[in-house]
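Colleague: So here's input-v4.tsv, just TSV, C-alpha atoms:
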chain	number	residue	atom	x	y	z
Y	6	LYS	CA	-43.71	-117.82	-174.55
Y	7	GLY	CA	-43.97	-121.00	-172.48
Y	8	GLN	CA	-40.27	-120.99	-171.60
Y	9	PHE	CA	-40.43	-117.29	-170.77
Y	10	SER	CA	-43.43	-117.81	-168.48
Y	11	ILE	CA	-41.68	-120.69	-166.69
Y	12	LEU	CA	-38.51	-118.63	-166.22
Y	13	ALA	CA	-40.55	-115.67	-164.99
Y	14	ALA	CA	-42.44	-117.89	-162.54
Y	15	LEU	CA	-39.18	-119.38	-161.26
Y	16	LEU	CA	-37.70	-115.91	-160.86
Y	17	VAL	CA	-40.75	-114.74	-158.88
Y	18	ALA	CA	-40.57	-117.88	-156.71
Y	19	ILE	CA	-36.87	-117.27	-156.02
Y	20	VAL	CA	-37.58	-113.64	-155.09
Y	21	LEU	CA	-40.44	-114.65	-152.77
Y	22	ILE	CA	-38.35	-117.35	-151.06
Y	23	ALA	CA	-35.43	-114.94	-150.66
Y	24	THR	CA	-37.80	-112.31	-149.24
Y	25	VAL	CA	-39.29	-114.75	-146.73
Y	26	ILE	CA	-35.84	-115.91	-145.63
Y	27	PHE	CA	-34.61	-112.35	-145.28
Y	28	THR	CA	-37.72	-111.27	-143.36
Y	29	TYR	CA	-37.52	-114.25	-140.99
Y	30	SER	CA	-33.83	-113.62	-140.41
Y	31	ALA	CA	-34.47	-109.94	-139.73
Y	32	ILE	CA	-37.26	-110.69	-137.24
Y	33	ARG	CA	-35.23	-113.37	-135.50
Y	34	ASN	CA	-32.20	-111.13	-135.11
Y	35	SER	CA	-34.17	-107.99	-134.32
Y	36	PRO	CA	-34.01	-106.52	-130.78
Y	37	VAL	CA	-37.84	-106.64	-130.76
Y	38	GLN	CA	-37.63	-110.32	-129.80
Y	39	ASP	CA	-36.26	-109.24	-126.43
Y	40	GLN	CA	-39.27	-107.06	-125.73
Y	41	PRO	CA	-41.48	-109.87	-124.35
Y	42	GLN	CA	-38.68	-110.92	-121.97
Y	43	VAL	CA	-38.21	-107.34	-120.81
Y	44	LEU	CA	-41.92	-106.81	-120.24
Y	45	SER	CA	-42.15	-110.14	-118.42
Y	46	ALA	CA	-39.20	-109.21	-116.21
Y	47	ILE	CA	-40.74	-105.83	-115.34
Y	48	ASP	CA	-44.13	-107.41	-114.55
Y	49	GLU	CA	-42.49	-110.10	-112.41
Y	50	THR	CA	-40.43	-107.53	-110.51
Y	51	ASN	CA	-43.42	-105.25	-109.89
Y	52	HIS	CA	-45.52	-108.19	-108.72
Y	53	ALA	CA	-42.76	-109.28	-106.34
Y	54	LEU	CA	-42.50	-105.74	-104.92
Y	55	LYS	CA	-46.25	-105.66	-104.31
Y	56	GLN	CA	-46.13	-109.01	-102.50
Y	57	ILE	CA	-43.11	-108.00	-100.43
Y	58	LEU	CA	-44.92	-104.85	-99.29
Y	59	GLY	CA	-47.89	-106.96	-98.14
Y	60	PHE	CA	-45.60	-109.27	-96.17
Y	61	THR	CA	-43.80	-106.26	-94.68
Y	62	VAL	CA	-47.04	-104.67	-93.47
Y	63	GLY	CA	-48.05	-108.03	-92.00
Y	64	TYR	CA	-44.70	-108.36	-90.24
Y	65	TYR	CA	-44.99	-104.81	-88.93
Y	66	ALA	CA	-48.45	-105.53	-87.53
Y	67	SER	CA	-47.24	-108.76	-85.87
Y	68	VAL	CA	-44.30	-107.06	-84.14
Y	69	LEU	CA	-46.51	-104.17	-83.10
Y	70	GLN	CA	-49.07	-106.52	-81.60
Y	71	ILE	CA	-46.42	-108.29	-79.53
Y	72	THR	CA	-44.38	-105.28	-78.42
Y	73	GLY	CA	-46.78	-102.35	-78.64
Y	74	ASN	CA	-43.80	-100.24	-79.76
Y	75	TYR	CA	-44.46	-98.43	-83.05
Y	76	SER	CA	-40.87	-97.29	-83.60
Y	77	TYR	CA	-39.40	-100.71	-82.91
Y	78	ALA	CA	-41.96	-102.44	-85.15
Y	79	ARG	CA	-41.23	-100.00	-87.96
Y	80	THR	CA	-37.46	-100.52	-87.66
Y	81	ILE	CA	-37.74	-104.31	-87.67
Y	82	ALA	CA	-40.14	-104.30	-90.60
Y	83	THR	CA	-37.94	-101.90	-92.59
Y	84	ASN	CA	-34.96	-104.22	-92.08
Y	85	TYR	CA	-37.13	-107.10	-93.28
Y	86	LEU	CA	-38.03	-105.09	-96.38
Y	87	GLY	CA	-34.35	-104.52	-97.19
Y	88	SER	CA	-33.57	-108.23	-96.87
Y	89	ALA	CA	-36.54	-109.11	-99.06
Y	90	LEU	CA	-35.43	-106.70	-101.80
Y	91	GLU	CA	-31.96	-108.24	-101.73
Y	92	HIS	CA	-33.53	-111.68	-102.10
Y	93	ILE	CA	-35.55	-110.54	-105.13
Y	94	GLY	CA	-32.36	-109.30	-106.79
Y	95	ASN	CA	-30.70	-112.71	-106.29
Y	96	ILE	CA	-33.50	-114.69	-107.95
Y	97	HIS	CA	-32.39	-113.65	-111.45
Y	98	PRO	CA	-28.73	-112.59	-111.17
Y	99	GLU	CA	-28.51	-112.33	-114.97
Y	100	TRP	CA	-30.96	-109.40	-114.86
Y	101	GLY	CA	-28.53	-107.31	-112.77
Y	102	THR	CA	-31.37	-106.05	-110.56
Y	103	SER	CA	-30.69	-103.23	-108.11
Y	104	PHE	CA	-33.16	-101.37	-105.89
Y	105	ASN	CA	-33.29	-97.99	-104.23
Y	106	VAL	CA	-36.10	-97.33	-101.77
Y	107	VAL	CA	-37.25	-93.79	-102.49
Y	108	GLY	CA	-39.94	-93.74	-99.83
Y	109	SER	CA	-41.81	-96.08	-97.50
Y	110	GLU	CA	-44.54	-95.78	-94.90
Y	111	LEU	CA	-45.89	-98.24	-92.34
Y	112	ARG	CA	-48.83	-97.25	-90.20
Y	113	ALA	CA	-51.49	-98.80	-87.98
Y	114	CYS	CA	-54.55	-97.28	-86.33
Y	115	TRP	CA	-56.12	-99.86	-84.01
Y	116	PHE	CA	-58.58	-100.28	-81.13
Y	117	LYS	CA	-61.23	-98.12	-82.77
Y	118	GLU	CA	-64.55	-98.92	-84.39
Y	119	VAL	CA	-62.85	-98.15	-87.73
Y	120	SER	CA	-59.25	-99.44	-87.69
Y	121	TYR	CA	-56.62	-100.12	-90.33
Y	122	SER	CA	-53.09	-101.25	-91.13
Y	123	LYS	CA	-51.36	-99.94	-94.22
Y	124	GLY	CA	-48.09	-99.55	-96.07
Y	125	ASN	CA	-46.82	-97.50	-99.02
Y	126	LEU	CA	-43.64	-98.11	-100.99
Y	127	THR	CA	-41.85	-96.27	-103.79
Y	128	VAL	CA	-38.87	-98.06	-105.33
Y	129	ALA	CA	-36.51	-97.07	-108.13
Y	130	TYR	CA	-34.79	-100.03	-109.74
Y	131	ASN	CA	-32.58	-101.10	-112.63
Y	132	LEU	CA	-32.44	-104.25	-114.72
Y	133	THR	CA	-29.02	-103.57	-116.20
Y	134	GLY	CA	-28.66	-107.08	-117.59
Y	135	LEU	CA	-31.68	-106.39	-119.81
Y	136	GLY	CA	-30.65	-102.84	-120.65
Y	137	ILE	CA	-33.40	-101.27	-118.52
Y	138	ASN	CA	-32.65	-98.48	-116.05
Y	139	ASN	CA	-34.39	-95.86	-113.92
Y	140	LEU	CA	-37.74	-97.60	-113.48
Y	141	THR	CA	-40.00	-96.46	-110.64
Y	142	TYR	CA	-42.73	-98.53	-109.04
Y	143	LYS	CA	-45.24	-97.42	-106.41
Y	144	ALA	CA	-47.21	-99.93	-104.36
Y	145	SER	CA	-49.68	-99.71	-101.50
Y	146	CYS	CA	-51.34	-102.30	-99.25
Y	147	ARG	CA	-54.08	-101.68	-96.74
Y	148	LEU	CA	-56.58	-103.57	-94.60
Y	149	ASP	CA	-59.60	-101.77	-93.08
Y	150	VAL	CA	-62.00	-103.21	-90.52
Y	151	GLN	CA	-65.16	-101.48	-89.37
Y	152	VAL	CA	-67.28	-102.63	-86.42
Y	153	SER	CA	-71.02	-102.05	-86.93
Y	154	GLU	CA	-74.08	-102.46	-84.76
Y	155	ASN	CA	-75.92	-105.76	-85.05
Y	156	ALA	CA	-79.42	-106.76	-84.08
Y	157	SER	CA	-78.18	-110.07	-82.69
Y	158	SER	CA	-76.94	-110.06	-79.11
Y	159	THR	CA	-74.53	-112.94	-79.75
Y	160	GLN	CA	-72.91	-111.91	-83.04
Y	161	ALA	CA	-70.33	-109.33	-84.08
Y	162	CYS	CA	-70.81	-107.44	-87.33
Y	163	LEU	CA	-67.61	-106.48	-89.14
Y	164	SER	CA	-66.95	-104.95	-92.57
Y	165	VAL	CA	-63.55	-105.76	-94.08
Y	166	PHE	CA	-61.95	-103.98	-97.01
Y	167	LYS	CA	-58.71	-104.55	-98.89
Y	168	ASP	CA	-56.56	-101.73	-100.31
Y	169	GLY	CA	-59.04	-99.00	-99.52
Y	170	ALA	CA	-62.34	-99.94	-101.09
Y	171	GLU	CA	-62.29	-103.57	-102.28
Y	172	PRO	CA	-64.58	-105.80	-100.14
Y	173	LEU	CA	-62.71	-108.81	-98.79
Y	174	ILE	CA	-65.13	-111.76	-98.93
Y	175	ASN	CA	-62.96	-114.89	-98.64
Y	176	LEU	CA	-62.21	-114.88	-94.91
Y	177	GLY	CA	-63.03	-117.81	-92.62
Y	178	ARG	CA	-63.23	-118.35	-88.88
Y	179	GLN	CA	-59.43	-118.72	-88.67
Y	180	ASN	CA	-59.08	-115.08	-89.82
Y	181	PHE	CA	-60.98	-113.74	-86.81
Y	182	LYS	CA	-59.65	-113.98	-83.24
Y	183	PHE	CA	-61.33	-112.45	-80.20
Y	184	TYR	CA	-59.50	-111.34	-77.08
Y	185	ARG	CA	-60.70	-113.24	-74.01
Y	186	TYR	CA	-59.51	-112.38	-70.51
Y	187	LEU	CA	-58.49	-115.21	-68.21
Y	188	TYR	CA	-59.13	-114.32	-64.60
Y	189	THR	CA	-57.29	-117.43	-63.40
Y	190	ASN	CA	-53.87	-116.09	-64.46
Y	191	LEU	CA	-54.78	-112.47	-65.35
Y	192	THR	CA	-53.80	-112.77	-69.04
Y	193	TRP	CA	-55.42	-112.39	-72.43
Y	194	GLU	CA	-55.84	-115.17	-74.98
Y	195	LEU	CA	-56.95	-115.16	-78.60
Y	196	VAL	CA	-59.88	-117.43	-79.46
Y	197	THR	CA	-61.49	-118.17	-82.82
Y	198	PRO	CA	-65.26	-118.31	-83.31
Y	199	SER	CA	-66.88	-121.71	-82.88
Y	200	SER	CA	-68.42	-121.63	-86.38
Y	201	GLU	CA	-67.75	-120.13	-89.80
Y	202	PRO	CA	-68.92	-116.53	-90.22
Y	203	ILE	CA	-71.73	-115.51	-92.51
Y	204	SER	CA	-70.25	-113.36	-95.28
Y	205	PHE	CA	-71.82	-110.97	-97.78
Y	206	SER	CA	-70.65	-109.60	-101.11
Y	207	ASN	CA	-70.10	-106.12	-99.65
Y	208	GLY	CA	-67.42	-107.40	-97.25
Y	209	THR	CA	-69.70	-107.68	-94.21
Y	210	TYR	CA	-69.35	-110.61	-91.79
Y	211	LEU	CA	-71.64	-111.84	-89.04
Y	212	ILE	CA	-69.52	-113.72	-86.51
Y	213	ASP	CA	-70.57	-115.67	-83.44
Y	214	VAL	CA	-68.84	-114.20	-80.42
Y	215	PRO	CA	-66.97	-116.93	-78.48
Y	216	LEU	CA	-68.01	-117.87	-74.95
Y	217	GLY	CA	-66.37	-115.74	-72.30
Y	218	VAL	CA	-66.29	-112.64	-74.54
Y	219	ASN	CA	-68.72	-109.78	-73.95
Y	220	PRO	CA	-70.69	-109.45	-77.23
Y	221	THR	CA	-71.39	-105.75	-76.56
Y	222	SER	CA	-67.80	-104.77	-75.76
Y	223	TYR	CA	-65.03	-106.78	-77.35
Y	224	THR	CA	-61.67	-106.61	-79.10
Y	225	VAL	CA	-61.13	-108.68	-82.23
Y	226	GLN	CA	-58.14	-109.27	-84.49
Y	227	VAL	CA	-58.71	-109.68	-88.23
Y	228	GLU	CA	-55.97	-111.11	-90.47
Y	229	ASP	CA	-56.15	-111.36	-94.26
Y	230	PRO	CA	-54.41	-113.94	-96.53
Y	231	ARG	CA	-51.45	-111.56	-96.98
Y	232	GLY	CA	-50.74	-111.72	-93.25
Y	233	ILE	CA	-51.86	-108.13	-92.62
Y	234	SER	CA	-53.72	-107.86	-89.32
Y	235	VAL	CA	-55.91	-105.21	-87.72
Y	236	VAL	CA	-57.05	-105.10	-84.07
Represent the structure of the file as structure tokens.

Modeller:
Amino acid sequence: KGQFSILAALLVAIVLIATVIFTYSAIRNSPVQDQPQVLSAIDETNHALKQILGFTVGYYASVLQITGNYSYARTIATNYLGSALEHIGNIHPEWGTSFNVVGSELRACWFKEVSYSKGNLTVAYNLTGLGINNLTYKASCRLDVQVSENASSTQACLSVFKDGAEPLINLGRQNFKFYRYLYTNLTWELVTPSSEPISFSNGTYLIDVPLGVNPTSYTVQVEDPRGISVV
């Protein structure tokens, strides 16, 4: 009985060891191991597309501010978007990334008490090196600025929102620039406030209006960390 029990125990041990080895080998060689890489690649690509859209809207706003030409600004920004997508595809050549812009929109509504800059992007792309095809990603970026009445005669009251409804609360004095007219050479200049604004959790800012700017009738440019600006 003792020898039989020992042999039986050894047989069970051999079966368990063989099972563990087989299971480990199956897991290691299974296509499932590639799933984390695929998901990581998709997340990285989508994140890059979202960032590129933000930069594109910012570039569009910058060109528009300088030229005042909506069509020209849109053309230049669209070309920038194409170059940026090509750059994304070259970061990981082994992924075999290719993009097709299904739809895009760049728009700005400025010089009003409620103004905004925004962009929408729909991209179809493939990661052929990872065996992934026909993915579609939609992204949108937007910056809204609302001018409100303020009891103070020396401060501007602005409400700033990101992507539609999210209060933007991390802006400093460098993000706000007021237009000041120079009578000496008949030109406009952009000036920052002399002190940091007072910010609130709902996205409201109280900003000291710079000297030489009429606190009851002014034009101000707001720029967020993405580079998107609104006038």

Colleague: What lies within 12 Å of Y:Lys117 using all atoms listed in the file, ignoring chain neighbours under 6 positions off, as a CSV table (one decimal) with C-alpha atoms, keeping the file's coordinate frame?

Modeller:
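As written to disk, out19.csv reads:
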chain,number,residue,atom,x,y,z
Y,149,ASP,CA,-59.6,-101.8,-93.1
Y,150,VAL,CA,-62.0,-103.2,-90.5
Y,151,GLN,CA,-65.2,-101.5,-89.4
Y,152,VAL,CA,-67.3,-102.6,-86.4
Y,153,SER,CA,-71.0,-102.0,-86.9
Y,222,SER,CA,-67.8,-104.8,-75.8
Y,223,TYR,CA,-65.0,-106.8,-77.4
Y,224,THR,CA,-61.7,-106.6,-79.1
Y,225,VAL,CA,-61.1,-108.7,-82.2
Y,226,GLN,CA,-58.1,-109.3,-84.5
Y,235,VAL,CA,-55.9,-105.2,-87.7
Y,236,VAL,CA,-57.0,-105.1,-84.1

Colleague: Could you check how far atom CA of Y:Ile71 sits from atom CA of Y:Ala89, in Å to one decimal?

Modeller: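 Atom-to-atom, atom CA of Y:Ile71 and atom CA of Y:Ala89 are spaced 21.9 Å apart.
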
Colleague: Tell me which protein, DNA and RNA residues are within 8 Å of Y:Tyr64, counting only C-alpha atoms, leaving out same-chain ones fewer than 3 positions away, and put them as a PyMOL selection string.

Modeller: chain Y and resi 60-61+67-68+82+232-233

Colleague: If you count all atoms listed in the file, which residues fall within 10 Å of stretch 96-113 of chain Y, apart from same-chain ones fewer than 5 positions away, as an MDAnalysis selection string?

Modeller: chainID Y and resid 43 46 50 58 61:62 65:66 69 75 78:80 82:83 86:87 90:91 120:148 234:236

Colleague: Rounded to one decimal, what separation in Å do you get between atom CA of Y:Leu54 and atom CA of Y:Glu171?

Modeller: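 Result for atom CA of Y:Leu54 versus atom CA of Y:Glu171: 20.1 Å, one decimal.
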
Colleague: Identify which of the residues Y:Glu118, Y:Glu194, Y:Asp48, Y:Asp229 lies closest to Y:Glu154, counting all atoms listed in the file when measuring atom-to-atom distances.

Modeller: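 Residue with the minimum atom-to-atom distance to Y:Glu154: Y:Glu118.
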
Colleague: Got a sec: who's within 9 Å of Y:Phe181, counting all atoms listed in the file, leaving out chain neighbours fewer than 6 positions off, as JSON, numbers by chain?

Modeller: {"Y": [196, 197, 198, 212, 225, 226, 227, 228]}

Colleague: Measuring between only C-alpha atoms, which one of Y:Ala170, Y:Phe205, Y:Val214, Y:Asn95 shows the shortest distance to Y:Lys182?

Modeller: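 Among the listed residues, Y:Val214 lies closest to Y:Lys182.
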
Colleague: Place all heavy atoms on stretch 109-120 of chain Y and deliver the coordinates as a compact mmCIF listing (two decimals), keeping the file's coordinate frame.

Modeller:
# COMPACT_ATOMS: atom_id res chain seq x y z
N SER Y 109 -41.00 -95.00 -98.06
CA SER Y 109 -41.81 -96.08 -97.50
C SER Y 109 -42.57 -95.57 -96.28
O SER Y 109 -42.11 -94.65 -95.59
CB SER Y 109 -40.94 -97.29 -97.10
OG SER Y 109 -40.05 -96.94 -96.07
N GLU Y 110 -43.71 -96.16 -96.04
CA GLU Y 110 -44.54 -95.78 -94.90
C GLU Y 110 -45.23 -97.01 -94.34
O GLU Y 110 -45.76 -97.83 -95.10
CB GLU Y 110 -45.61 -94.76 -95.31
CG GLU Y 110 -46.54 -94.35 -94.18
CD GLU Y 110 -47.73 -93.54 -94.65
OE1 GLU Y 110 -48.12 -93.71 -95.82
OE2 GLU Y 110 -48.28 -92.76 -93.85
N LEU Y 111 -45.19 -97.17 -93.04
CA LEU Y 111 -45.89 -98.24 -92.34
C LEU Y 111 -46.70 -97.59 -91.23
O LEU Y 111 -46.16 -96.83 -90.43
CB LEU Y 111 -44.91 -99.26 -91.77
CG LEU Y 111 -44.07 -100.03 -92.78
CD1 LEU Y 111 -42.97 -100.81 -92.08
CD2 LEU Y 111 -44.93 -100.96 -93.62
N ARG Y 112 -47.99 -97.91 -91.18
CA ARG Y 112 -48.83 -97.25 -90.20
C ARG Y 112 -49.97 -98.17 -89.78
O ARG Y 112 -50.48 -98.97 -90.58
CB ARG Y 112 -49.41 -95.95 -90.76
CG ARG Y 112 -50.28 -95.16 -89.79
CD ARG Y 112 -50.70 -93.83 -90.39
NE ARG Y 112 -49.56 -92.96 -90.65
CZ ARG Y 112 -49.66 -91.74 -91.15
NH1 ARG Y 112 -50.85 -91.24 -91.46
NH2 ARG Y 112 -48.59 -91.00 -91.35
N ALA Y 113 -50.37 -98.04 -88.51
CA ALA Y 113 -51.49 -98.80 -87.98
C ALA Y 113 -52.32 -97.90 -87.07
O ALA Y 113 -51.76 -97.14 -86.27
CB ALA Y 113 -51.02 -100.02 -87.21
N CYS Y 114 -53.62 -97.99 -87.21
CA CYS Y 114 -54.55 -97.28 -86.33
C CYS Y 114 -55.53 -98.33 -85.82
O CYS Y 114 -56.41 -98.78 -86.56
CB CYS Y 114 -55.27 -96.18 -87.10
SG CYS Y 114 -56.47 -95.26 -86.10
N TRP Y 115 -55.37 -98.72 -84.57
CA TRP Y 115 -56.12 -99.86 -84.01
C TRP Y 115 -56.99 -99.43 -82.83
O TRP Y 115 -56.97 -98.29 -82.41
CB TRP Y 115 -55.16 -100.94 -83.53
CG TRP Y 115 -54.40 -101.64 -84.63
CD1 TRP Y 115 -54.57 -101.50 -85.97
CD2 TRP Y 115 -53.35 -102.59 -84.46
NE1 TRP Y 115 -53.70 -102.30 -86.66
CE2 TRP Y 115 -52.93 -102.98 -85.76
CE3 TRP Y 115 -52.72 -103.14 -83.35
CZ2 TRP Y 115 -51.91 -103.92 -85.96
CZ3 TRP Y 115 -51.71 -104.07 -83.55
CH2 TRP Y 115 -51.31 -104.46 -84.83
N PHE Y 116 -57.75 -100.42 -82.33
CA PHE Y 116 -58.58 -100.28 -81.13
C PHE Y 116 -59.64 -99.21 -81.28
O PHE Y 116 -60.02 -98.55 -80.31
CB PHE Y 116 -57.71 -100.02 -79.89
CG PHE Y 116 -56.67 -101.09 -79.66
CD1 PHE Y 116 -55.33 -100.84 -79.90
CD2 PHE Y 116 -57.04 -102.35 -79.22
CE1 PHE Y 116 -54.36 -101.83 -79.70
CE2 PHE Y 116 -56.09 -103.34 -79.01
CZ PHE Y 116 -54.76 -103.08 -79.25
N LYS Y 117 -60.12 -99.04 -82.50
CA LYS Y 117 -61.23 -98.12 -82.77
C LYS Y 117 -62.30 -98.88 -83.56
O LYS Y 117 -62.06 -99.95 -84.09
CB LYS Y 117 -60.76 -96.90 -83.56
CG LYS Y 117 -59.74 -96.04 -82.81
CD LYS Y 117 -59.37 -94.81 -83.62
CE LYS Y 117 -58.39 -93.92 -82.86
NZ LYS Y 117 -58.03 -92.71 -83.64
N GLU Y 118 -63.48 -98.27 -83.63
CA GLU Y 118 -64.55 -98.92 -84.39
C GLU Y 118 -64.20 -99.01 -85.88
O GLU Y 118 -64.69 -99.89 -86.58
CB GLU Y 118 -65.87 -98.18 -84.19
CG GLU Y 118 -66.42 -98.30 -82.77
CD GLU Y 118 -67.76 -97.63 -82.61
OE1 GLU Y 118 -68.23 -97.03 -83.60
OE2 GLU Y 118 -68.34 -97.71 -81.52
N VAL Y 119 -63.40 -98.08 -86.37
CA VAL Y 119 -62.85 -98.15 -87.73
C VAL Y 119 -61.33 -98.15 -87.59
O VAL Y 119 -60.74 -97.14 -87.22
CB VAL Y 119 -63.32 -96.97 -88.60
CG1 VAL Y 119 -62.70 -97.06 -89.98
CG2 VAL Y 119 -64.84 -96.92 -88.68
N SER Y 120 -60.70 -99.29 -87.86
CA SER Y 120 -59.25 -99.44 -87.69
C SER Y 120 -58.62 -99.92 -88.98
O SER Y 120 -59.30 -100.49 -89.85
CB SER Y 120 -58.95 -100.43 -86.56
OG SER Y 120 -59.45 -99.95 -85.32
